[in-house]
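Working notes, beginning with the structure itself.
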Amino acid sequence: MYQETNGGNATKKQDLLLFFGLLALVIFARMLMNAVNSIPHGGILQIPLFIGLILICLMIYKKRLCSYRYTLFNMESEEGDLDQYGNQRRNPYPLGTLVFEQFSGGKGRIVDTVAPGEMQAIVTGAGTAACIGVIGDDPEALQSAVKKAAVLCTGKKSGTSTLIFKRDGKYQAIAFKPSDKLVKMIEEIIAAVSAA
């Protein structure tokens with residue numbers, strides 16, 4: 001099993017700065033709402049200020065408090081590797097499966113799992129458009145899947161890789177930020193499945 005994490009790697013100093021920044025933002029927003037309330041029709045102007053404050057909080061949540069983990073089940077557990085009950089540890093997914101998890105604070109949930117037989121290609125950077133004509137027989141469906149790709153990473157979308165897979169006869173895509181090592185492992189799995 002190989003795992004990588006994207007996001008959520010702030011230090012205690014950054015967390016403290018974030019806390020004081022949010023506190024200052026709330027105080028400033030309250031002062032601004034009091035100032036706006038004193039002018040005619042100021043109550044109506046409070047609505048966009050409140051919506052702006054909520055959007056800033058959502059942005060902080062997405063950029064700082066969320067993180068993603070990518071787990072690739074690339075090998076069986078070693079003989080003698082026992083779980084907490086003394087049984088031989090087994091992979092919960094078939095070899096070659098890629099699992100995407102999202103974490104918010106201490107809680108996590110599985111967003112998607114991609115089996116090795118579903119994987120069509122992994123495209124890094126600007127090569128997505130060039131790869132679409134090579135992968136499948138329906139370039140329009142591939143283009144649509146890439147445009148609607150789920151983004152499972154924090155920060156800017158630039159520098160992401162796109163995993164294109166086919167599930168239930170439809171192309172789908174996930175944009176995420178794997179390391180070069182993980183990209184190479186996925187390319188090897190795709191090559192092995194297509195050769196079989």
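Residues in the structure tokens are numbered from 1 in each chain, the chains being A, B, ... in the order shown, and ligands are numbered from 1 in the order shown.
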Shell of 12 Å around Gln14 in chain A, only C-alpha atoms, local chain residues under 6 positions omitted, as a CSV table (one decimal) with N, CA and C atoms, in the first residue's frame:
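File selection-v7.csv, as written:
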chain,number,residue,atom,x,y,z
A,8,GLY,N,-3.4,20.4,4.2
A,8,GLY,CA,-3.5,20.2,5.7
A,8,GLY,C,-2.1,20.0,6.4
A,20,PHE,N,-6.0,34.3,14.8
A,20,PHE,CA,-6.1,35.8,15.0
A,20,PHE,C,-6.6,36.5,13.8
A,21,GLY,N,-6.2,36.0,12.6
A,21,GLY,CA,-6.7,36.6,11.4
A,21,GLY,C,-8.3,36.5,11.3
A,64,ARG,N,-7.4,25.4,3.8
A,64,ARG,CA,-6.6,25.1,5.0
A,64,ARG,C,-7.1,23.8,5.8
A,65,LEU,N,-8.4,23.7,5.9
A,65,LEU,CA,-8.9,22.7,6.8
A,65,LEU,C,-9.2,21.3,6.1
Residues within 10 Å of Tyr2 in chain A, only C-alpha atoms, excluding chain neighbours under 6 positions, as a list in words: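 My list of contacting residues is Tyr70, Thr71, Leu72, Phe73, Asn74, Met75, Leu98, Lys181, Leu182 and Met185 of chain A.
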Counting only C-alpha atoms, which of A:Ile54, A:Ile122, A:Val111, A:Val26 gets nearest to Ser67 in chain A?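 For Ser67 in chain A, the nearest of the candidates is A:Val111.
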Just list as an MDAnalysis selection string whatever in range 20-191 of chain A DSSP marks as helix (DSSP H, G or I). chainID A and resid 20:37 42:65 125:135 139:147 180:191
Pick out the closest residue to Ala195 in chain A from this set: A:Lys62, A:Asn91, A:Gly117, A:Tyr68. Count only C-alpha atoms.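 Result for the nearest residue to Ala195 in chain A: A:Gly117.
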Residue list (strand (DSSP E or B), DSSP) for chain A, as a PyMOL selection string: chain A and resi 2-6+66-72+82+88+98-104+107-114+119-124+150-151+161-167+170-176
Just-selected residues, N, CA and C atoms written as a short mmCIF file (atom, residue, chain, number, x, y, z; two decimals), in the first residue's frame:
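The resulting result.cif:
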data_model
loop_
_atom_site.label_atom_id
_atom_site.label_comp_id
_atom_site.auth_asym_id
_atom_site.auth_seq_id
_atom_site.Cartn_x
_atom_site.Cartn_y
_atom_site.Cartn_z
N TYR A 2 0.57 2.17 -0.88
CA TYR A 2 1.33 3.41 -0.98
C TYR A 2 0.37 4.58 -0.78
N GLN A 3 0.72 5.53 0.11
CA GLN A 3 -0.17 6.65 0.41
C GLN A 3 0.55 7.99 0.26
N GLU A 4 -0.22 8.97 -0.19
CA GLU A 4 0.25 10.36 -0.24
C GLU A 4 -0.86 11.27 0.26
N THR A 5 -0.48 12.39 0.84
CA THR A 5 -1.44 13.35 1.36
C THR A 5 -1.23 14.69 0.67
N ASN A 6 -2.34 15.36 0.35
CA ASN A 6 -2.29 16.68 -0.26
C ASN A 6 -3.05 17.65 0.63
N CYS A 66 -9.23 21.35 4.81
CA CYS A 66 -9.45 20.11 4.06
C CYS A 66 -8.11 19.56 3.59
N SER A 67 -8.03 18.25 3.54
CA SER A 67 -6.88 17.59 2.93
C SER A 67 -7.37 16.33 2.23
N TYR A 68 -6.54 15.83 1.35
CA TYR A 68 -6.89 14.64 0.58
C TYR A 68 -5.77 13.62 0.72
N ARG A 69 -6.16 12.35 0.74
CA ARG A 69 -5.18 11.27 0.77
C ARG A 69 -5.46 10.33 -0.40
N TYR A 70 -4.38 9.96 -1.08
CA TYR A 70 -4.48 9.05 -2.21
C TYR A 70 -3.78 7.75 -1.80
N THR A 71 -4.51 6.64 -1.84
CA THR A 71 -3.97 5.35 -1.43
C THR A 71 -4.01 4.40 -2.61
N LEU A 72 -2.86 3.86 -2.96
CA LEU A 72 -2.76 2.88 -4.04
C LEU A 72 -2.40 1.53 -3.42
N LEU A 82 0.18 -9.10 10.95
CA LEU A 82 -1.09 -9.42 11.59
C LEU A 82 -1.84 -8.17 11.97
N GLN A 88 -4.12 -12.65 9.64
CA GLN A 88 -3.29 -12.13 8.55
C GLN A 88 -3.97 -10.89 7.95
N LEU A 98 -7.03 2.44 -6.68
CA LEU A 98 -6.67 3.75 -6.16
C LEU A 98 -7.86 4.31 -5.40
N VAL A 99 -7.63 4.68 -4.13
CA VAL A 99 -8.69 5.18 -3.26
C VAL A 99 -8.42 6.65 -2.96
N PHE A 100 -9.45 7.48 -3.12
CA PHE A 100 -9.36 8.91 -2.83
C PHE A 100 -10.16 9.19 -1.56
N GLU A 101 -9.53 9.82 -0.57
CA GLU A 101 -10.20 10.15 0.68
C GLU A 101 -10.10 11.65 0.92
N GLN A 102 -11.15 12.22 1.52
CA GLN A 102 -11.15 13.62 1.90
C GLN A 102 -11.21 13.70 3.42
N PHE A 103 -10.37 14.56 4.00
CA PHE A 103 -10.34 14.75 5.44
C PHE A 103 -10.70 16.19 5.78
N SER A 104 -11.56 16.34 6.77
CA SER A 104 -11.92 17.65 7.31
C SER A 104 -11.70 17.56 8.80
N LYS A 107 -11.90 13.99 10.75
CA LYS A 107 -12.83 13.04 10.13
C LYS A 107 -12.52 12.88 8.65
N GLY A 108 -12.60 11.65 8.18
CA GLY A 108 -12.34 11.37 6.78
C GLY A 108 -13.46 10.56 6.16
N ARG A 109 -13.53 10.64 4.85
CA ARG A 109 -14.51 9.85 4.11
C ARG A 109 -13.91 9.50 2.77
N ILE A 110 -14.31 8.34 2.26
CA ILE A 110 -13.84 7.90 0.95
C ILE A 110 -14.68 8.62 -0.10
N VAL A 111 -14.01 9.33 -1.00
CA VAL A 111 -14.69 10.07 -2.05
C VAL A 111 -14.93 9.17 -3.26
N ASP A 112 -13.92 8.40 -3.65
CA ASP A 112 -14.06 7.53 -4.81
C ASP A 112 -12.99 6.46 -4.77
N THR A 113 -13.28 5.34 -5.41
CA THR A 113 -12.29 4.28 -5.62
C THR A 113 -12.29 3.94 -7.10
N VAL A 114 -11.09 3.79 -7.65
CA VAL A 114 -10.95 3.46 -9.07
C VAL A 114 -10.21 2.14 -9.17
N MET A 119 -9.20 2.12 -15.14
CA MET A 119 -8.24 3.18 -15.49
C MET A 119 -7.94 3.14 -16.98
N GLN A 120 -8.03 4.32 -17.61
CA GLN A 120 -7.72 4.45 -19.04
C GLN A 120 -6.39 5.16 -19.25
N ALA A 121 -6.16 6.25 -18.53
CA ALA A 121 -4.92 7.02 -18.69
C ALA A 121 -4.78 7.99 -17.54
N ILE A 122 -3.54 8.38 -17.27
CA ILE A 122 -3.28 9.48 -16.35
C ILE A 122 -2.49 10.51 -17.14
N VAL A 123 -2.99 11.74 -17.13
CA VAL A 123 -2.41 12.80 -17.94
C VAL A 123 -1.95 13.91 -17.00
N THR A 124 -0.71 14.33 -17.17
CA THR A 124 -0.13 15.37 -16.33
C THR A 124 0.04 16.64 -17.15
N ALA A 150 -13.74 15.82 -11.23
CA ALA A 150 -13.78 16.15 -9.80
C ALA A 150 -12.37 16.57 -9.40
N VAL A 151 -12.26 17.68 -8.67
CA VAL A 151 -10.96 18.18 -8.24
C VAL A 151 -10.75 17.75 -6.79
N SER A 161 -2.74 16.39 -12.04
CA SER A 161 -2.79 15.29 -13.00
C SER A 161 -4.25 14.85 -13.10
N THR A 162 -4.65 14.36 -14.25
CA THR A 162 -6.03 13.92 -14.45
C THR A 162 -6.03 12.43 -14.73
N LEU A 163 -6.75 11.69 -13.87
CA LEU A 163 -6.93 10.26 -14.08
C LEU A 163 -8.24 10.06 -14.83
N ILE A 164 -8.15 9.49 -16.01
CA ILE A 164 -9.33 9.23 -16.83
C ILE A 164 -9.66 7.74 -16.68
N PHE A 165 -10.90 7.46 -16.34
CA PHE A 165 -11.32 6.07 -16.17
C PHE A 165 -12.71 5.88 -16.76
N LYS A 166 -13.03 4.62 -17.04
CA LYS A 166 -14.31 4.29 -17.67
C LYS A 166 -15.08 3.40 -16.71
N ARG A 167 -16.26 3.87 -16.30
CA ARG A 167 -17.10 3.14 -15.36
C ARG A 167 -18.51 3.08 -15.93
N LYS A 170 -19.18 4.81 -19.26
CA LYS A 170 -19.02 6.26 -19.38
C LYS A 170 -17.64 6.67 -18.87
N TYR A 171 -17.06 7.63 -19.58
CA TYR A 171 -15.77 8.16 -19.15
C TYR A 171 -15.97 9.15 -18.01
N GLN A 172 -15.08 9.07 -17.02
CA GLN A 172 -15.07 10.00 -15.90
C GLN A 172 -13.63 10.40 -15.65
N ALA A 173 -13.44 11.48 -14.90
CA ALA A 173 -12.08 11.95 -14.64
C ALA A 173 -11.99 12.54 -13.24
N ILE A 174 -10.80 12.43 -12.67
CA ILE A 174 -10.50 13.02 -11.36
C ILE A 174 -9.19 13.77 -11.50
N ALA A 175 -9.20 15.04 -11.11
CA ALA A 175 -7.98 15.85 -11.10
C ALA A 175 -7.44 15.85 -9.67
N PHE A 176 -6.16 15.50 -9.52
CA PHE A 176 -5.54 15.46 -8.20
C PHE A 176 -4.05 15.75 -8.34
#
What is the CA of Lys63 in chain A to CA of Cys153 in chain A distance in Å?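 Computing it gives 9.1 Å between the two atoms.
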Suppose you want the space between CA of Thr160 in chain A and CA of Gly125 in chain A; what is it in Å?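 Computing the Euclidean distance for CA of Thr160 in chain A and CA of Gly125 in chain A yields 6.4 Å.
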